[in-house]
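*Asks:* Provided below: structure_29.txt, containing compact mmCIF, N, CA and C atoms.
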# COMPACT_ATOMS: atom_id res chain seq x y z
N VAL A 1 -208.00 -22.07 16.21
CA VAL A 1 -208.03 -23.45 15.71
C VAL A 1 -208.07 -23.43 14.19
N GLN A 2 -207.22 -24.25 13.59
CA GLN A 2 -207.23 -24.36 12.13
C GLN A 2 -207.09 -25.82 11.73
N LEU A 3 -207.93 -26.24 10.80
CA LEU A 3 -207.88 -27.59 10.25
C LEU A 3 -207.81 -27.45 8.74
N VAL A 4 -206.80 -28.05 8.14
CA VAL A 4 -206.59 -27.91 6.71
C VAL A 4 -206.49 -29.29 6.07
N GLU A 5 -207.45 -29.58 5.20
CA GLU A 5 -207.48 -30.86 4.51
C GLU A 5 -206.75 -30.79 3.18
N SER A 6 -206.28 -31.94 2.74
CA SER A 6 -205.66 -32.06 1.43
C SER A 6 -205.74 -33.50 0.97
N GLY A 7 -205.43 -33.72 -0.30
CA GLY A 7 -205.38 -35.07 -0.81
C GLY A 7 -206.52 -35.45 -1.74
N GLY A 8 -207.52 -34.60 -1.84
CA GLY A 8 -208.62 -34.91 -2.73
C GLY A 8 -208.19 -34.85 -4.19
N ALA A 9 -208.92 -35.60 -5.03
CA ALA A 9 -208.57 -35.65 -6.44
C ALA A 9 -209.70 -36.28 -7.25
N LEU A 10 -209.53 -36.25 -8.55
CA LEU A 10 -210.42 -36.97 -9.46
C LEU A 10 -209.79 -38.32 -9.73
N VAL A 11 -210.51 -39.39 -9.38
CA VAL A 11 -209.97 -40.73 -9.55
C VAL A 11 -211.02 -41.63 -10.20
N GLN A 12 -210.58 -42.81 -10.60
CA GLN A 12 -211.49 -43.77 -11.22
C GLN A 12 -212.01 -44.75 -10.18
N PRO A 13 -213.15 -45.36 -10.44
CA PRO A 13 -213.67 -46.38 -9.50
C PRO A 13 -212.62 -47.46 -9.24
N GLY A 14 -212.51 -47.83 -7.98
CA GLY A 14 -211.53 -48.83 -7.59
C GLY A 14 -210.21 -48.26 -7.13
N ASP A 15 -209.97 -47.00 -7.41
CA ASP A 15 -208.71 -46.37 -7.01
C ASP A 15 -208.68 -46.11 -5.51
N SER A 16 -207.51 -45.68 -5.05
CA SER A 16 -207.31 -45.33 -3.64
C SER A 16 -206.84 -43.90 -3.51
N LEU A 17 -207.14 -43.30 -2.39
CA LEU A 17 -206.67 -41.95 -2.05
C LEU A 17 -206.42 -41.90 -0.56
N ARG A 18 -205.49 -41.02 -0.16
CA ARG A 18 -205.30 -40.75 1.26
C ARG A 18 -205.50 -39.27 1.51
N LEU A 19 -206.48 -38.97 2.33
CA LEU A 19 -206.73 -37.59 2.73
C LEU A 19 -205.96 -37.27 4.00
N SER A 20 -205.55 -36.02 4.12
CA SER A 20 -204.86 -35.55 5.31
C SER A 20 -205.58 -34.33 5.87
N CYS A 21 -205.47 -34.16 7.17
CA CYS A 21 -206.05 -33.00 7.85
C CYS A 21 -205.04 -32.56 8.90
N VAL A 22 -204.41 -31.42 8.67
CA VAL A 22 -203.42 -30.91 9.60
C VAL A 22 -204.07 -29.93 10.55
N GLY A 23 -203.86 -30.15 11.84
CA GLY A 23 -204.46 -29.29 12.85
C GLY A 23 -203.44 -28.37 13.49
N SER A 24 -203.90 -27.18 13.87
CA SER A 24 -203.06 -26.24 14.59
C SER A 24 -203.94 -25.36 15.48
N GLY A 25 -203.31 -24.77 16.48
CA GLY A 25 -204.05 -23.88 17.36
C GLY A 25 -204.76 -24.58 18.49
N PHE A 26 -204.52 -25.85 18.66
CA PHE A 26 -205.12 -26.59 19.77
C PHE A 26 -204.20 -27.77 20.08
N THR A 27 -204.44 -28.40 21.23
CA THR A 27 -203.63 -29.55 21.64
C THR A 27 -204.16 -30.78 20.93
N PHE A 28 -203.48 -31.14 19.85
CA PHE A 28 -203.98 -32.16 18.92
C PHE A 28 -204.33 -33.46 19.64
N GLU A 29 -203.48 -33.89 20.56
CA GLU A 29 -203.66 -35.20 21.18
C GLU A 29 -204.78 -35.22 22.22
N SER A 30 -205.39 -34.09 22.46
CA SER A 30 -206.45 -34.04 23.47
C SER A 30 -207.85 -34.20 22.90
N TYR A 31 -207.96 -34.29 21.59
CA TYR A 31 -209.28 -34.30 20.97
C TYR A 31 -209.48 -35.49 20.04
N GLY A 32 -210.68 -36.06 20.12
CA GLY A 32 -211.08 -36.99 19.09
C GLY A 32 -211.36 -36.22 17.82
N MET A 33 -211.28 -36.92 16.70
CA MET A 33 -211.50 -36.25 15.42
C MET A 33 -212.32 -37.15 14.51
N GLU A 34 -212.92 -36.54 13.53
CA GLU A 34 -213.77 -37.30 12.63
C GLU A 34 -213.72 -36.74 11.22
N TRP A 35 -214.12 -37.58 10.29
CA TRP A 35 -214.30 -37.17 8.90
C TRP A 35 -215.78 -37.19 8.57
N LEU A 36 -216.20 -36.20 7.84
CA LEU A 36 -217.54 -36.15 7.28
C LEU A 36 -217.42 -35.84 5.80
N ARG A 37 -218.51 -36.02 5.09
CA ARG A 37 -218.52 -35.68 3.68
C ARG A 37 -219.88 -35.13 3.29
N GLN A 38 -219.86 -34.36 2.24
CA GLN A 38 -221.11 -33.79 1.76
C GLN A 38 -221.10 -33.81 0.24
N ALA A 39 -222.04 -34.54 -0.31
CA ALA A 39 -222.19 -34.62 -1.76
C ALA A 39 -223.08 -33.46 -2.23
N PRO A 40 -222.95 -33.08 -3.49
CA PRO A 40 -223.77 -31.98 -4.00
C PRO A 40 -225.26 -32.24 -3.81
N GLY A 41 -225.95 -31.28 -3.24
CA GLY A 41 -227.38 -31.39 -3.07
C GLY A 41 -227.82 -32.26 -1.90
N LYS A 42 -226.87 -32.73 -1.12
CA LYS A 42 -227.20 -33.59 0.02
C LYS A 42 -226.66 -33.00 1.31
N GLY A 43 -227.17 -33.51 2.42
CA GLY A 43 -226.69 -33.05 3.72
C GLY A 43 -225.39 -33.74 4.09
N PRO A 44 -224.75 -33.27 5.15
CA PRO A 44 -223.51 -33.90 5.60
C PRO A 44 -223.73 -35.35 6.01
N GLU A 45 -222.74 -36.18 5.72
CA GLU A 45 -222.76 -37.60 6.10
C GLU A 45 -221.53 -37.88 6.94
N TRP A 46 -221.72 -38.42 8.10
CA TRP A 46 -220.60 -38.81 8.95
C TRP A 46 -219.91 -40.03 8.34
N VAL A 47 -218.59 -40.04 8.33
CA VAL A 47 -217.81 -41.10 7.69
C VAL A 47 -217.06 -41.96 8.71
N SER A 48 -216.30 -41.30 9.59
CA SER A 48 -215.45 -42.07 10.49
C SER A 48 -215.00 -41.21 11.66
N LEU A 49 -214.67 -41.88 12.75
CA LEU A 49 -214.24 -41.19 13.96
C LEU A 49 -213.08 -41.93 14.60
N ILE A 50 -212.17 -41.18 15.20
CA ILE A 50 -211.07 -41.76 15.95
C ILE A 50 -210.97 -41.01 17.27
N ASP A 51 -210.77 -41.73 18.36
CA ASP A 51 -210.68 -41.05 19.64
C ASP A 51 -209.31 -40.42 19.80
N ARG A 52 -209.15 -39.69 20.89
CA ARG A 52 -207.91 -38.92 21.05
C ARG A 52 -206.70 -39.80 21.19
N THR A 53 -206.89 -41.04 21.66
CA THR A 53 -205.75 -41.94 21.83
C THR A 53 -205.40 -42.66 20.54
N GLY A 54 -206.34 -42.69 19.60
CA GLY A 54 -206.12 -43.44 18.38
C GLY A 54 -206.48 -44.91 18.48
N ARG A 55 -206.91 -45.33 19.67
CA ARG A 55 -207.17 -46.76 19.88
C ARG A 55 -208.61 -47.17 19.55
N SER A 56 -209.49 -46.20 19.47
CA SER A 56 -210.89 -46.51 19.18
C SER A 56 -211.30 -45.82 17.89
N VAL A 57 -211.77 -46.60 16.92
CA VAL A 57 -212.19 -46.04 15.64
C VAL A 57 -213.58 -46.58 15.28
N HIS A 58 -214.30 -45.80 14.52
CA HIS A 58 -215.64 -46.19 14.10
C HIS A 58 -215.86 -45.73 12.66
N TYR A 59 -216.70 -46.49 11.95
CA TYR A 59 -216.95 -46.18 10.55
C TYR A 59 -218.43 -46.26 10.22
N ALA A 60 -218.83 -45.47 9.26
CA ALA A 60 -220.17 -45.61 8.71
C ALA A 60 -220.23 -46.92 7.94
N ASP A 61 -221.38 -47.53 7.90
CA ASP A 61 -221.54 -48.80 7.18
C ASP A 61 -221.14 -48.66 5.71
N SER A 62 -221.37 -47.49 5.16
CA SER A 62 -221.11 -47.27 3.74
C SER A 62 -219.62 -47.33 3.39
N VAL A 63 -218.74 -47.16 4.38
CA VAL A 63 -217.30 -47.15 4.09
C VAL A 63 -216.55 -48.24 4.84
N LYS A 64 -217.24 -48.95 5.72
CA LYS A 64 -216.58 -49.97 6.53
C LYS A 64 -215.93 -51.02 5.64
N GLY A 65 -214.69 -51.35 5.97
CA GLY A 65 -213.94 -52.32 5.18
C GLY A 65 -213.19 -51.73 4.01
N ARG A 66 -213.47 -50.47 3.69
CA ARG A 66 -212.77 -49.80 2.58
C ARG A 66 -211.93 -48.62 3.05
N PHE A 67 -212.37 -47.91 4.05
CA PHE A 67 -211.68 -46.72 4.55
C PHE A 67 -210.99 -47.04 5.89
N ILE A 68 -209.87 -46.37 6.11
CA ILE A 68 -209.15 -46.50 7.38
C ILE A 68 -208.79 -45.12 7.90
N ILE A 69 -209.20 -44.84 9.12
CA ILE A 69 -208.87 -43.57 9.76
C ILE A 69 -207.67 -43.78 10.68
N SER A 70 -206.80 -42.78 10.73
CA SER A 70 -205.65 -42.86 11.62
C SER A 70 -205.19 -41.44 11.95
N ARG A 71 -204.27 -41.35 12.90
CA ARG A 71 -203.75 -40.05 13.27
C ARG A 71 -202.30 -40.17 13.66
N ASP A 72 -201.55 -39.09 13.43
CA ASP A 72 -200.14 -39.01 13.79
C ASP A 72 -199.99 -37.79 14.69
N VAL A 73 -199.81 -38.04 15.97
CA VAL A 73 -199.74 -36.93 16.93
C VAL A 73 -198.53 -36.05 16.67
N ALA A 74 -197.41 -36.66 16.35
CA ALA A 74 -196.18 -35.89 16.12
C ALA A 74 -196.36 -34.92 14.95
N LYS A 75 -197.10 -35.34 13.94
CA LYS A 75 -197.33 -34.48 12.77
C LYS A 75 -198.62 -33.68 12.89
N LYS A 76 -199.37 -33.91 13.96
CA LYS A 76 -200.65 -33.23 14.17
C LYS A 76 -201.54 -33.39 12.94
N THR A 77 -201.60 -34.61 12.47
CA THR A 77 -202.31 -34.88 11.23
C THR A 77 -203.26 -36.06 11.40
N LEU A 78 -204.45 -35.87 10.87
CA LEU A 78 -205.46 -36.91 10.78
C LEU A 78 -205.48 -37.41 9.35
N TYR A 79 -205.66 -38.72 9.18
CA TYR A 79 -205.66 -39.30 7.84
C TYR A 79 -206.95 -40.07 7.58
N LEU A 80 -207.27 -40.20 6.31
CA LEU A 80 -208.33 -41.11 5.88
C LEU A 80 -207.83 -41.82 4.64
N GLN A 81 -207.50 -43.08 4.80
CA GLN A 81 -207.10 -43.91 3.67
C GLN A 81 -208.36 -44.48 3.05
N MET A 82 -208.57 -44.19 1.79
CA MET A 82 -209.79 -44.61 1.09
C MET A 82 -209.41 -45.57 -0.02
N ASN A 83 -209.88 -46.79 0.09
CA ASN A 83 -209.61 -47.82 -0.90
C ASN A 83 -210.92 -48.24 -1.58
N GLY A 84 -210.78 -48.81 -2.76
CA GLY A 84 -211.97 -49.28 -3.46
C GLY A 84 -213.01 -48.19 -3.67
N LEU A 85 -212.58 -47.03 -4.09
CA LEU A 85 -213.49 -45.90 -4.21
C LEU A 85 -214.59 -46.16 -5.23
N ARG A 86 -215.76 -45.63 -4.92
CA ARG A 86 -216.94 -45.81 -5.75
C ARG A 86 -217.49 -44.44 -6.15
N PRO A 87 -218.26 -44.38 -7.21
CA PRO A 87 -218.84 -43.08 -7.60
C PRO A 87 -219.65 -42.44 -6.47
N GLU A 88 -220.28 -43.24 -5.66
CA GLU A 88 -221.07 -42.70 -4.55
C GLU A 88 -220.22 -42.12 -3.43
N ASP A 89 -218.92 -42.29 -3.50
CA ASP A 89 -218.02 -41.66 -2.53
C ASP A 89 -217.69 -40.22 -2.92
N THR A 90 -218.14 -39.80 -4.08
CA THR A 90 -217.89 -38.44 -4.53
C THR A 90 -218.52 -37.44 -3.57
N ALA A 91 -217.69 -36.54 -3.05
CA ALA A 91 -218.17 -35.56 -2.07
C ALA A 91 -217.03 -34.63 -1.66
N LEU A 92 -217.39 -33.60 -0.95
CA LEU A 92 -216.42 -32.76 -0.26
C LEU A 92 -216.17 -33.39 1.10
N TYR A 93 -214.94 -33.75 1.37
CA TYR A 93 -214.58 -34.39 2.64
C TYR A 93 -213.94 -33.36 3.56
N TYR A 94 -214.39 -33.34 4.81
CA TYR A 94 -213.80 -32.42 5.76
C TYR A 94 -213.63 -33.07 7.12
N CYS A 95 -212.66 -32.57 7.86
CA CYS A 95 -212.39 -33.10 9.18
C CYS A 95 -212.96 -32.15 10.23
N ARG A 96 -213.16 -32.70 11.40
CA ARG A 96 -213.79 -31.91 12.46
C ARG A 96 -213.40 -32.49 13.81
N LEU A 97 -213.27 -31.63 14.81
CA LEU A 97 -213.06 -32.11 16.18
C LEU A 97 -214.38 -32.68 16.69
N THR A 98 -214.31 -33.66 17.57
CA THR A 98 -215.53 -34.27 18.08
C THR A 98 -216.07 -33.58 19.33
N SER A 99 -215.30 -32.65 19.87
CA SER A 99 -215.77 -31.89 21.02
C SER A 99 -215.06 -30.55 21.03
N TRP A 100 -215.72 -29.58 21.64
CA TRP A 100 -215.11 -28.24 21.73
C TRP A 100 -215.96 -27.42 22.68
N THR A 101 -215.30 -26.80 23.66
CA THR A 101 -216.05 -26.05 24.65
C THR A 101 -216.41 -24.66 24.18
N GLY A 102 -215.83 -24.24 23.08
CA GLY A 102 -216.06 -22.88 22.61
C GLY A 102 -217.28 -22.70 21.75
N GLY A 103 -218.12 -23.74 21.63
CA GLY A 103 -219.33 -23.59 20.81
C GLY A 103 -219.30 -24.54 19.63
N ARG A 104 -219.43 -24.00 18.44
CA ARG A 104 -219.50 -24.82 17.24
C ARG A 104 -218.23 -25.64 17.06
N LEU A 105 -218.38 -26.92 16.67
CA LEU A 105 -217.23 -27.78 16.49
C LEU A 105 -216.36 -27.27 15.35
N PRO A 106 -215.07 -27.08 15.61
CA PRO A 106 -214.18 -26.61 14.55
C PRO A 106 -214.07 -27.64 13.43
N ARG A 107 -214.05 -27.15 12.20
CA ARG A 107 -213.94 -28.01 11.04
C ARG A 107 -213.10 -27.31 9.98
N GLY A 108 -212.59 -28.10 9.04
CA GLY A 108 -211.83 -27.54 7.93
C GLY A 108 -212.74 -27.17 6.77
N GLN A 109 -212.11 -26.63 5.74
CA GLN A 109 -212.87 -26.21 4.56
C GLN A 109 -213.19 -27.37 3.63
N GLY A 110 -212.42 -28.43 3.74
CA GLY A 110 -212.70 -29.62 2.96
C GLY A 110 -211.81 -29.80 1.75
N THR A 111 -211.80 -31.02 1.24
CA THR A 111 -211.07 -31.37 0.04
C THR A 111 -212.00 -32.23 -0.83
N GLN A 112 -212.01 -31.94 -2.12
CA GLN A 112 -212.96 -32.58 -3.03
C GLN A 112 -212.44 -33.92 -3.53
N VAL A 113 -213.30 -34.92 -3.40
CA VAL A 113 -213.01 -36.24 -3.96
C VAL A 113 -214.08 -36.54 -5.01
N THR A 114 -213.63 -36.82 -6.21
CA THR A 114 -214.54 -37.16 -7.30
C THR A 114 -214.14 -38.51 -7.87
N VAL A 115 -215.09 -39.42 -7.89
CA VAL A 115 -214.84 -40.77 -8.39
C VAL A 115 -215.69 -40.96 -9.65
N SER A 116 -215.01 -41.06 -10.77
CA SER A 116 -215.73 -41.14 -12.04
C SER A 116 -214.87 -41.82 -13.09
N SER A 117 -215.52 -42.58 -13.94
CA SER A 117 -214.79 -43.21 -15.04
C SER A 117 -214.87 -42.33 -16.29
Could you take the file, read its structure, and then write that structure out as structure tokens?
*Replies:*
Amino acid sequence: VQLVESGGALVQPGDSLRLSCVGSGFTFESYGMEWLRQAPGKGPEWVSLIDRTGRSVHYADSVKGRFIISRDVAKKTLYLQMNGLRPEDTALYYCRLTSWTGGRLPRGQGTQVTVSS
């Protein structure tokens, strides 16, 4: 299983970014997926989840109304559209499967998002 994130950058408050997470080594359409983030010196924070069908999505209160999660089965890619970025959104963002029978949930290495003026 491999998950590779991209799209992180240094942006200004109010800007938008779209993160991508490409999956391989598993049947992409069979798994729900989620985004988490971790700011320096803090523990992981759950951001958003999408079920395997793409029809059910959930968001943390801190990003609701600003972020949109989606997936493209044909491209085996998970997305996170982030609008209205704030300095408190600064973190390492990574994607993860929501279930896995092999033990620890597979996750990517992450992509850095920095929001600063």
*Asks:* What separation in Å, quoted to one decimal, exists between atom CA of A:Thr114 and atom CA of A:Lys75?
*Replies:* 26.6 Å
*Asks:* Counting only C-alpha atoms, which residues come within 10 Å of (-202.8, -37.8, 12.9), with the point read in the file's coordinates, and could you list them as a list in words?
*Replies:* Ser20, Cys21, Val22, Gly23, Phe28, Glu29, Met33, Ile50, Arg52, Gly54, Ile69, Ser70, Arg71, Asp72, Val73, Ala74, Lys75, Lys76, Thr77, Leu78, Tyr79 and Leu80 of chain A
*Asks:* Atom CA of A:Leu49 and atom N of A:Glu88, how far apart in Å?
*Replies:*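 Interatomic distance here is 20.6 Å.
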*Asks:* Rounded to one decimal place, report the atom C of A:Ala91-atom CA of A:Val63 distance in Å.
*Replies:* 13.8 Å
*Asks:* If we count all atoms listed in the file and set the cut-off at 7 Å, which residues sit around stretch 64-68 of chain A, ignoring sequence neighbours fewer than 5 positions away in its own chain? Please answer as an MDAnalysis selection string.
*Replies:* chainID A and resid 59 79:84
*Asks:* Please provide the set of residues having any atom within 6 Å of A:Arg37, restricted to only N, CA and C atoms, with same-chain residues fewer than 6 positions apart removed, written as a PyMOL selection string.
*Replies:* chain A and resi 43-47+91-94
*Asks:* Generate the output file for the selected residues, N, CA and C atoms, as a CSV table (one decimal), keeping the file's coordinate frame.
*Replies:*
chain,number,residue,atom,x,y,z
A,43,GLY,N,-227.2,-33.5,2.4
A,43,GLY,CA,-226.7,-33.0,3.7
A,43,GLY,C,-225.4,-33.7,4.1
A,44,PRO,N,-224.8,-33.3,5.2
A,44,PRO,CA,-223.5,-33.9,5.6
A,44,PRO,C,-223.7,-35.4,6.0
A,45,GLU,N,-222.7,-36.2,5.7
A,45,GLU,CA,-222.8,-37.6,6.1
A,45,GLU,C,-221.5,-37.9,6.9
A,46,TRP,N,-221.7,-38.4,8.1
A,46,TRP,CA,-220.6,-38.8,9.0
A,46,TRP,C,-219.9,-40.0,8.3
A,47,VAL,N,-218.6,-40.0,8.3
A,47,VAL,CA,-217.8,-41.1,7.7
A,47,VAL,C,-217.1,-42.0,8.7
A,91,ALA,N,-217.7,-36.5,-3.0
A,91,ALA,CA,-218.2,-35.6,-2.1
A,91,ALA,C,-217.0,-34.6,-1.7
A,92,LEU,N,-217.4,-33.6,-1.0
A,92,LEU,CA,-216.4,-32.8,-0.3
A,92,LEU,C,-216.2,-33.4,1.1
A,93,TYR,N,-214.9,-33.8,1.4
A,93,TYR,CA,-214.6,-34.4,2.6
A,93,TYR,C,-213.9,-33.4,3.6
A,94,TYR,N,-214.4,-33.3,4.8
A,94,TYR,CA,-213.8,-32.4,5.8
A,94,TYR,C,-213.6,-33.1,7.1
*Asks:* So which one's closest to A:Arg86, A:Ser62, A:Gly32, A:Gly14, A:Gln38? Using only N, CA and C atoms, please.
*Replies:*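 Looking only at the distances to A:Arg86, the closest residue turns out to be A:Gly14.
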*Asks:* Please report, as an NGL selection string, each residue of chain A to which DSSP assigns strand (DSSP E or B) when run on this structure's backbone.
*Replies:* :A and (2-6 or 10-11 or 17-24 or 33-38 or 45-50 or 57-59 or 67-72 or 77-82 or 91-97 or 107 or 111-115)
*Asks:* Identify, on the basis of only C-alpha atoms, every residue whose closest approach to A:Ser48 does not exceed 6 Å; exclude the query and any residue fewer than 4 positions from it along the same chain; express the result as a PyMOL selection string.
*Replies:* chain A and resi 34-35+58-59
*Asks:* List every protein, DNA or RNA residue that has at least one atom no more than 8 Å from (-211.2, -34.7, -12.1) in the file's coordinates, counting only N, CA and C atoms, and write the result as a list in words.
*Replies:* Ala9, Leu10, Val11, Val113, Thr114, Val115 and Ser116 of chain A
*Asks:* Grab all the atoms of stretch 38-55 of chain A that the file lists, wrap them in a box along x, y and z, add 6 Å per side, and give me centre plus edge lengths in Å (one decimal) as JSON.
*Replies:*
{"center_x": -216.6, "center_y": -39.2, "center_z": 8.9, "size_x": 34.4, "size_y": 27.9, "size_z": 37.8}
*Asks:* Can you work out which one of A:Ala60, A:Ala39, A:Leu17, A:Leu105 has the shortest atom-to-atom distance to A:Thr90, counting only C-alpha atoms?
*Replies:* A:Ala39
*Asks:* For each of A:Phe26, A:Leu3, A:Asp15, A:Ser56, take the minimum atom-to-atom distance to A:Cys95, counting only C-alpha atoms, then give the residue where this is smallest.
*Replies:* A:Leu3
